[in-house]
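start-v3.cif (mmCIF, C-alpha atoms and all ligand atoms) appears below.
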```
data_query
loop_
_atom_site.label_atom_id
_atom_site.label_comp_id
_atom_site.auth_asym_id
_atom_site.auth_seq_id
_atom_site.Cartn_x
_atom_site.Cartn_y
_atom_site.Cartn_z
CA MET A 1 102.64 161.06 121.99
CA ILE A 2 102.49 164.53 123.52
CA ASP A 3 101.79 167.40 121.10
CA ASN A 4 103.92 170.14 122.67
CA LEU A 5 102.55 172.91 120.45
CA LYS A 6 99.00 171.97 121.44
CA SER A 7 100.09 172.11 125.08
CA TYR A 8 101.55 175.60 124.55
CA SER A 9 98.23 176.73 123.11
CA VAL A 10 96.71 176.08 126.55
CA PHE A 11 99.73 176.91 128.69
CA ALA A 12 100.47 180.27 126.96
CA GLU A 13 98.15 181.93 129.49
CA TYR A 14 100.27 180.75 132.44
CA TYR A 15 103.74 180.76 130.85
CA GLN A 16 104.74 184.26 132.02
CA SER A 17 103.76 183.47 135.61
CA LEU A 18 105.97 180.42 135.51
CA ILE A 19 109.06 182.18 134.15
CA ASN A 20 108.52 185.39 136.14
CA HIS A 21 109.52 183.84 139.44
CA ARG A 22 113.17 183.81 138.31
CA ASP A 23 115.15 185.92 135.85
CA HIS A 24 114.65 183.95 132.66
CA ALA A 25 115.00 186.57 129.93
CA GLY A 26 118.12 188.37 131.22
CA PRO A 27 120.47 185.34 131.22
CA ILE A 28 119.36 184.41 127.68
CA ALA A 29 120.23 187.88 126.37
CA ARG A 30 123.52 187.83 128.26
CA LEU A 31 124.40 184.44 126.76
CA LEU A 32 123.82 185.83 123.27
CA LYS A 33 125.93 188.88 124.01
CA GLU A 34 128.77 186.60 125.09
CA LEU A 35 128.50 184.14 122.21
CA LEU A 36 127.86 186.50 119.31
CA LEU A 37 130.50 188.47 117.46
CA PRO A 38 130.08 192.15 116.48
CA SER A 39 129.57 190.98 112.87
CA HIS A 40 126.44 189.05 113.87
CA ARG A 41 123.72 191.63 113.33
CA LYS A 42 120.73 189.84 111.82
CA LEU A 43 119.40 187.36 114.36
CA LEU A 44 116.59 184.81 114.39
CA ASP A 45 115.05 183.63 117.65
CA ALA A 46 113.44 180.49 116.21
CA ALA A 47 111.64 179.57 119.47
CA CYS A 48 110.77 183.09 120.62
CA GLY A 49 107.72 182.18 122.70
CA GLN A 50 106.32 185.39 124.19
CA GLY A 51 109.44 187.41 123.32
CA ASN A 52 112.37 188.73 125.29
CA ARG A 53 112.59 192.39 126.28
CA SER A 54 116.19 191.97 127.50
CA TYR A 55 117.44 191.46 123.93
CA PHE A 56 116.81 195.10 123.18
CA GLU A 57 118.54 196.29 126.35
CA ILE A 58 121.56 193.99 126.21
CA LEU A 59 121.93 193.76 122.41
CA PRO A 60 121.09 197.26 121.17
CA GLY A 61 121.12 197.91 117.43
CA MET A 62 120.53 194.30 116.36
CA SER A 63 117.95 193.33 113.81
CA ILE A 64 115.96 190.61 115.58
CA PHE A 65 113.45 188.35 113.85
CA ALA A 66 111.24 186.09 115.95
CA SER A 67 109.42 182.91 115.03
CA ASP A 68 107.55 180.26 116.95
CA GLY A 69 105.21 177.39 116.14
CA SER A 70 102.58 178.41 118.70
CA GLU A 71 100.02 180.98 117.62
CA GLN A 72 98.94 181.48 121.24
CA MET A 73 102.49 182.16 122.49
CA LEU A 74 102.95 184.72 119.67
CA GLU A 75 99.59 186.35 120.39
CA ARG A 76 100.93 187.31 123.80
CA LEU A 77 104.11 188.76 122.34
CA LYS A 78 102.07 190.75 119.80
CA ALA A 79 99.72 192.00 122.51
CA ASP A 80 102.69 193.77 124.10
CA LYS A 81 102.86 196.51 121.47
CA ALA A 82 106.01 198.13 122.83
CA LEU A 83 107.90 194.82 122.70
CA PHE A 84 106.39 193.72 119.36
CA SER A 85 107.45 196.98 117.69
CA LYS A 86 111.11 196.32 118.53
CA TYR A 87 111.28 193.13 116.43
CA GLU A 88 112.03 193.26 112.71
CA GLN A 89 109.42 190.53 112.10
CA VAL A 90 107.38 188.18 114.27
CA ALA A 91 106.06 185.13 112.42
CA GLU A 92 104.34 181.86 113.20
CA ASN A 93 106.62 179.13 111.89
CA GLN A 94 107.34 175.55 112.85
CA TRP A 95 110.91 174.29 112.70
CA GLU A 96 110.13 171.90 109.86
CA ASP A 97 109.12 174.95 107.80
CA LEU A 98 112.35 176.90 108.38
CA PRO A 99 113.54 176.45 104.75
CA GLY A 100 110.48 178.43 103.55
CA PHE A 101 111.10 181.04 106.25
CA PHE A 102 114.67 181.55 104.97
CA LEU A 103 113.43 181.87 101.38
CA LYS A 104 111.16 184.67 102.52
CA TRP A 105 113.40 186.55 104.94
CA GLY A 106 116.89 185.71 103.71
CA LYS A 107 119.88 184.39 105.60
CA PHE A 108 120.79 185.19 109.21
CA ASP A 109 124.02 185.82 111.10
CA ALA A 110 122.77 183.79 114.04
CA ILE A 111 119.83 181.49 114.77
CA PHE A 112 118.97 180.38 118.28
CA PHE A 113 116.58 178.06 120.11
CA LEU A 114 116.85 179.02 123.78
CA GLY A 115 115.05 178.67 127.10
CA ASN A 116 114.97 174.87 126.84
CA SER A 117 113.21 174.71 123.47
CA ILE A 118 115.01 172.30 121.13
CA SER A 119 114.23 169.39 123.50
CA HIS A 120 110.60 169.71 122.40
CA ALA A 121 111.65 168.09 119.11
CA SER A 122 109.81 164.84 118.55
CA ASP A 123 112.93 162.75 117.91
CA LEU A 124 116.61 162.92 116.94
CA ASP A 125 115.76 163.17 113.23
CA ASP A 126 113.69 166.23 113.98
CA ILE A 127 116.70 167.90 115.67
CA GLU A 128 119.04 166.81 112.89
CA ASN A 129 116.73 168.16 110.17
CA THR A 130 116.48 171.45 112.05
CA PHE A 131 120.28 171.70 112.13
CA TYR A 132 120.45 170.99 108.37
CA SER A 133 117.85 173.71 107.72
CA CYS A 134 119.74 176.17 109.93
CA ILE A 135 123.07 175.71 108.20
CA GLU A 136 121.34 176.63 104.94
CA GLY A 137 119.74 179.64 106.60
CA LEU A 138 122.98 181.03 108.00
CA GLU A 139 125.46 183.39 106.39
CA GLY A 140 129.10 182.24 106.30
CA ALA A 141 130.55 182.23 109.84
CA GLY A 142 126.98 182.45 111.16
CA ARG A 143 126.16 180.80 114.48
CA LEU A 144 123.55 178.40 115.74
CA ILE A 145 122.98 178.44 119.51
CA ILE A 146 120.87 175.95 121.43
CA ASP A 147 120.41 174.99 125.05
CA MET A 148 118.96 172.09 126.95
CA ARG A 149 118.56 170.90 130.51
CA ARG A 150 121.69 169.63 132.24
CA TRP A 151 120.76 165.98 131.82
CA HIS A 152 122.73 163.57 133.96
CA MET A 153 123.20 159.82 133.44
CA ASP A 154 121.66 157.93 136.35
CA ASP A 155 123.72 154.72 136.31
CA MET A 156 121.31 152.90 138.64
CA ARG A 157 118.39 153.47 136.29
CA GLY A 158 120.37 153.40 133.07
CA HIS A 159 118.95 156.59 131.60
CA LEU A 160 119.35 160.35 131.70
CA ILE A 161 117.50 162.38 134.32
CA GLU A 162 117.32 166.03 135.37
CA PRO A 163 119.29 166.26 138.63
CA GLY A 164 117.41 167.90 141.47
CA ARG A 165 113.99 167.54 139.85
CA VAL A 166 111.47 165.80 142.09
CA GLU A 167 110.04 162.82 140.23
CA GLY A 168 106.65 161.12 140.60
CA LYS A 169 105.27 163.70 142.99
CA ARG A 170 102.87 166.59 142.43
CA ARG A 171 104.65 169.74 143.51
CA LEU A 172 103.25 173.25 144.04
CA LEU A 173 105.33 175.61 141.90
CA LEU A 174 103.60 178.90 142.47
CA GLN A 175 100.48 180.57 143.71
CA GLU A 176 99.38 184.05 142.73
CA THR A 177 96.31 186.18 143.09
CA SER A 178 94.87 187.88 140.05
CA ASN A 179 91.48 189.62 139.75
CA GLY A 180 90.56 188.35 143.19
CA SER A 181 91.18 184.67 142.33
CA GLN A 182 94.03 182.50 143.50
CA VAL A 183 95.78 180.62 140.69
CA SER A 184 98.06 177.68 141.61
CA ILE A 185 100.38 175.83 139.25
CA PHE A 186 101.63 172.34 140.11
CA ASP A 187 104.01 170.11 138.19
CA PHE A 188 104.59 166.38 138.02
CA CYS A 189 107.76 164.94 136.47
CA SER A 190 108.18 161.48 134.99
CA TYR A 191 110.48 159.77 132.48
CA ASP A 192 109.40 157.66 129.54
CA SER A 193 111.40 156.19 126.65
CA GLY A 194 114.20 158.75 126.63
CA ARG A 195 111.90 161.67 127.33
CA GLN A 196 111.21 163.74 130.39
CA ILE A 197 107.50 164.43 130.76
CA ILE A 198 106.38 167.44 132.75
CA ASP A 199 102.66 167.70 133.45
CA TYR A 200 101.34 171.01 134.71
CA PHE A 201 98.10 171.25 136.66
CA ILE A 202 96.44 174.62 137.06
CA GLU A 203 93.87 175.37 139.74
CA LYS A 204 91.78 178.45 140.31
CA ASP A 205 90.55 178.94 143.88
CA GLY A 206 91.34 175.28 144.55
CA GLU A 207 89.40 173.95 141.53
CA PRO A 208 91.23 172.31 138.58
CA ILE A 209 90.87 174.44 135.43
CA ALA A 210 93.53 173.04 133.07
CA SER A 211 96.24 170.43 132.74
CA VAL A 212 98.87 170.03 130.03
CA GLY A 213 101.87 167.82 129.38
CA PHE A 214 105.18 168.68 127.75
CA SER A 215 107.84 166.27 126.56
CA TYR A 216 111.58 166.94 126.51
CA LEU A 217 113.84 164.69 124.50
CA MET A 218 116.82 163.81 126.71
CA VAL A 219 119.97 163.72 124.60
CA SER A 220 123.50 163.89 125.92
CA PRO A 221 125.50 166.96 124.85
CA SER A 222 128.07 164.79 123.06
CA VAL A 223 125.34 163.35 120.82
CA VAL A 224 124.03 166.85 120.05
CA ALA A 225 127.58 168.05 119.33
CA SER A 226 128.13 165.21 116.88
CA MET A 227 124.81 166.04 115.18
CA LEU A 228 125.97 169.64 114.80
CA ARG A 229 129.21 168.44 113.21
CA LYS A 230 127.34 166.07 110.91
CA ALA A 231 125.20 168.98 109.69
CA GLY A 232 128.39 170.89 108.86
CA PHE A 233 128.94 173.05 111.96
CA ARG A 234 132.18 173.58 113.82
CA VAL A 235 131.35 173.41 117.54
CA VAL A 236 132.64 176.67 119.04
CA PHE A 237 131.07 176.54 122.50
CA GLU A 238 129.88 173.81 124.85
CA GLY A 239 129.18 174.25 128.54
CA SER A 240 127.08 175.76 131.33
CA PRO A 241 127.97 179.40 132.05
CA ASP A 242 127.60 180.08 135.80
CA TYR A 243 124.79 182.61 135.29
CA TYR A 244 122.86 180.30 132.95
CA PRO A 245 120.44 177.52 133.99
CA TYR A 246 120.93 175.24 130.97
CA TYR A 247 123.68 173.47 129.04
CA VAL A 248 124.61 175.41 125.90
CA LEU A 249 126.04 174.37 122.53
CA SER A 250 126.97 176.65 119.69
CA GLY A 251 128.08 175.78 116.17
CA GLU A 252 129.61 178.00 113.53
CA LYS A 253 128.97 177.52 109.84
C1 LIG A 301 110.22 176.59 126.63
S1 LIG A 301 109.48 177.66 125.46
C2 LIG A 301 110.76 178.87 125.31
C3 LIG A 301 110.29 180.18 124.73
C4 LIG A 301 111.31 181.31 124.80
N1 LIG A 301 112.50 181.01 124.07
C5 LIG A 301 111.64 181.58 126.25
O1 LIG A 301 112.77 181.31 126.66
O2 LIG A 301 110.76 182.03 126.98
C6 LIG A 301 109.64 176.71 123.97
C7 LIG A 301 109.03 177.37 122.73
O3 LIG A 301 109.33 176.53 121.60
C8 LIG A 301 108.20 176.54 120.74
N2 LIG A 301 108.20 175.31 119.95
C9 LIG A 301 108.14 174.03 120.41
N3 LIG A 301 108.15 173.16 119.38
C10 LIG A 301 108.22 173.91 118.23
C11 LIG A 301 108.26 173.60 116.85
N4 LIG A 301 108.24 172.33 116.43
N5 LIG A 301 108.35 174.61 115.96
C12 LIG A 301 108.39 175.90 116.39
N6 LIG A 301 108.33 176.26 117.69
C13 LIG A 301 108.25 175.28 118.61
C14 LIG A 301 107.01 176.62 121.68
O4 LIG A 301 105.86 177.09 121.04
C15 LIG A 301 107.53 177.53 122.79
O5 LIG A 301 107.18 178.88 122.57
#
```

What does this structure look like when you write it as structure tokens?
Ligand SMILES: C[S@@+](CC[C@H](N)C(=O)[O-])C[C@H]1O[C@@H](n2cnc3c(N)ncnc32)[C@H](O)[C@@H]1O
Amino acid sequence: MIDNLKSYSVFAEYYQSLINHRDHAGPIARLLKELLLPSHRKLLDAACGQGNRSYFEILPGMSIFASDGSEQMLERLKADKALFSKYEQVAENQWEDLPGFFLKWGKFDAIFFLGNSISHASDLDDIENTFYSCIEGLEGAGRLIIDMRRWHMDDMRGHLIEPGRVEGKRRLLLQETSNGSQVSIFDFCSYDSGRQIIDYFIEKDGEPIASVGFSYLMVSPSVVASMLRKAGFRVVFEGSPDYYPYYVLSGEK
């Protein structure tokens, strides 16, 4: 079983390079702007990773708390002092420990897990428990917002897949030069027992220096929507906005 947080501890160093080759942060902030109401002021990014500068440009005046289960991802956010100082709080916290987080910091108007994060859950119970924790951590009429890849049912194979993603083949994603060395990142996609597995291979000047694997639980949106309802949410948004790379669901308490 892949330990995603352990993988992030290694991959944190390369994460920005990977997301920098497309606008990742801007669409996330825009999504929040479109899904939140003016009354939603105290926000929790519960899978903040290395932070998102666009929040403070697109959502001025909000009180934004950030948490993540990876110390190494957070270290990079904290190292950017200008960005770090904009957050109300930045704390290391795993999703299973959200109840304790809410005891400490109070309730929120919105909680979100974006940039393809919730799929890192180990199983459906893990997602369901997270939803139950979130409904307790939200104020009345508060919103939970999550996204996931646009999984598609492949009838021939009888399971979900990510359309357009090359499978079973090592693919060069990017190459960049830093401090006189050339760093290359490759990926390799496979599917196993309802999960998409993405392995990343990192090379420096042609020599392998690291490899990590991530797992993404593939769940159809209708199943996630019914889990939201079971936890007590009213589903207020479902779909893929044209500017956004993932499928989005939002529930209101
Ligand atoms: C794909 S990254 C997205 C980060 C950020 N939202 C972004 O869009 O750049 C997923 C994040 O979820 C965090 N994460 C994964 N599993 C977690 C867990 N069980 N508890 C807390 N954070 C977790 C990882 O550490 C990682 O920072």

(request) Have a look at atom CA of A:Gly239 and atom S1 of ligand LIG 301 (chain A) and let me know their distance in Å, one decimal. (result)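 The value is 20.2 Å.
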
(request) Determine, counting only C-alpha atoms, which protein, DNA and RNA residues have an atom within 12 Å of an atom of A:Arg195; residues of the same chain fewer than 5 positions away are not included. Present the result as a VMD selection string. (result) chain A and resid 1 to 2 119 to 124 149 151 159 to 162 189 to 190 213 to 220

Counting all atoms listed in the file, which protein, DNA or RNA residues come within 9 Å of ligand LIG 301 (chain A), given as a PDB file with C-alpha atoms, in the coordinates of the input?
```
ATOM      1  CA  ASP A   3     101.790 167.400 121.100  1.00  0.00           C
ATOM      2  CA  ASN A   4     103.920 170.140 122.670  1.00  0.00           C
ATOM      3  CA  LEU A   5     102.550 172.910 120.450  1.00  0.00           C
ATOM      4  CA  LYS A   6      99.000 171.970 121.440  1.00  0.00           C
ATOM      5  CA  SER A   7     100.090 172.110 125.080  1.00  0.00           C
ATOM      6  CA  TYR A   8     101.550 175.600 124.550  1.00  0.00           C
ATOM      7  CA  SER A   9      98.230 176.730 123.110  1.00  0.00           C
ATOM      8  CA  ALA A  12     100.470 180.270 126.960  1.00  0.00           C
ATOM      9  CA  TYR A  15     103.740 180.760 130.850  1.00  0.00           C
ATOM     10  CA  GLN A  16     104.740 184.260 132.020  1.00  0.00           C
ATOM     11  CA  ILE A  19     109.060 182.180 134.150  1.00  0.00           C
ATOM     12  CA  HIS A  24     114.650 183.950 132.660  1.00  0.00           C
ATOM     13  CA  ALA A  25     115.000 186.570 129.930  1.00  0.00           C
ATOM     14  CA  ILE A  28     119.360 184.410 127.680  1.00  0.00           C
ATOM     15  CA  ASP A  45     115.050 183.630 117.650  1.00  0.00           C
ATOM     16  CA  ALA A  46     113.440 180.490 116.210  1.00  0.00           C
ATOM     17  CA  ALA A  47     111.640 179.570 119.470  1.00  0.00           C
ATOM     18  CA  CYS A  48     110.770 183.090 120.620  1.00  0.00           C
ATOM     19  CA  GLY A  49     107.720 182.180 122.700  1.00  0.00           C
ATOM     20  CA  GLN A  50     106.320 185.390 124.190  1.00  0.00           C
ATOM     21  CA  GLY A  51     109.440 187.410 123.320  1.00  0.00           C
ATOM     22  CA  ASN A  52     112.370 188.730 125.290  1.00  0.00           C
ATOM     23  CA  SER A  67     109.420 182.910 115.030  1.00  0.00           C
ATOM     24  CA  ASP A  68     107.550 180.260 116.950  1.00  0.00           C
ATOM     25  CA  GLY A  69     105.210 177.390 116.140  1.00  0.00           C
ATOM     26  CA  SER A  70     102.580 178.410 118.700  1.00  0.00           C
ATOM     27  CA  GLU A  71     100.020 180.980 117.620  1.00  0.00           C
ATOM     28  CA  GLN A  72      98.940 181.480 121.240  1.00  0.00           C
ATOM     29  CA  MET A  73     102.490 182.160 122.490  1.00  0.00           C
ATOM     30  CA  LEU A  74     102.950 184.720 119.670  1.00  0.00           C
ATOM     31  CA  GLU A  92     104.340 181.860 113.200  1.00  0.00           C
ATOM     32  CA  ASN A  93     106.620 179.130 111.890  1.00  0.00           C
ATOM     33  CA  GLN A  94     107.340 175.550 112.850  1.00  0.00           C
ATOM     34  CA  TRP A  95     110.910 174.290 112.700  1.00  0.00           C
ATOM     35  CA  GLU A  96     110.130 171.900 109.860  1.00  0.00           C
ATOM     36  CA  ASP A  97     109.120 174.950 107.800  1.00  0.00           C
ATOM     37  CA  LEU A  98     112.350 176.900 108.380  1.00  0.00           C
ATOM     38  CA  PHE A 112     118.970 180.380 118.280  1.00  0.00           C
ATOM     39  CA  PHE A 113     116.580 178.060 120.110  1.00  0.00           C
ATOM     40  CA  LEU A 114     116.850 179.020 123.780  1.00  0.00           C
ATOM     41  CA  GLY A 115     115.050 178.670 127.100  1.00  0.00           C
ATOM     42  CA  ASN A 116     114.970 174.870 126.840  1.00  0.00           C
ATOM     43  CA  SER A 117     113.210 174.710 123.470  1.00  0.00           C
ATOM     44  CA  ILE A 118     115.010 172.300 121.130  1.00  0.00           C
ATOM     45  CA  SER A 119     114.230 169.390 123.500  1.00  0.00           C
ATOM     46  CA  HIS A 120     110.600 169.710 122.400  1.00  0.00           C
ATOM     47  CA  ALA A 121     111.650 168.090 119.110  1.00  0.00           C
ATOM     48  CA  SER A 122     109.810 164.840 118.550  1.00  0.00           C
ATOM     49  CA  ASP A 126     113.690 166.230 113.980  1.00  0.00           C
TER      50      ASP A 126
END
```

(message) Using all atoms listed in the file, which protein or nucleic acid residues come within 9 Å of A:Pro163? Drop anything in the same chain fewer than 3 positions from it, and give the result as a list of chain:residue names.
(response)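 The filter keeps A:Arg150, A:Trp151, A:His152, A:Asp154, A:Val166.
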
(message) I'd like the interatomic distance between atom CA of A:Glu207 and atom CA of A:Phe186, to a tenth of an Å.
(response) 12.4 Å

(message) I'd like the interatomic distance between atom CA of A:Val235 and atom CA of A:Ile58, to a tenth of an Å.
(response) 24.4 Å

(request) Please identify all polymer residues within 10 Å of A:Lys107, counting all atoms listed in the file, omitting same-chain residues fewer than 5 positions from it, and present them as a list in words. (result)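 That gives Lys42, Leu43, Leu44, Phe101, Phe102, Cys134, Ile135, Glu136, Gly137, Leu138, Glu139, Gly140 and Gly142 of chain A.
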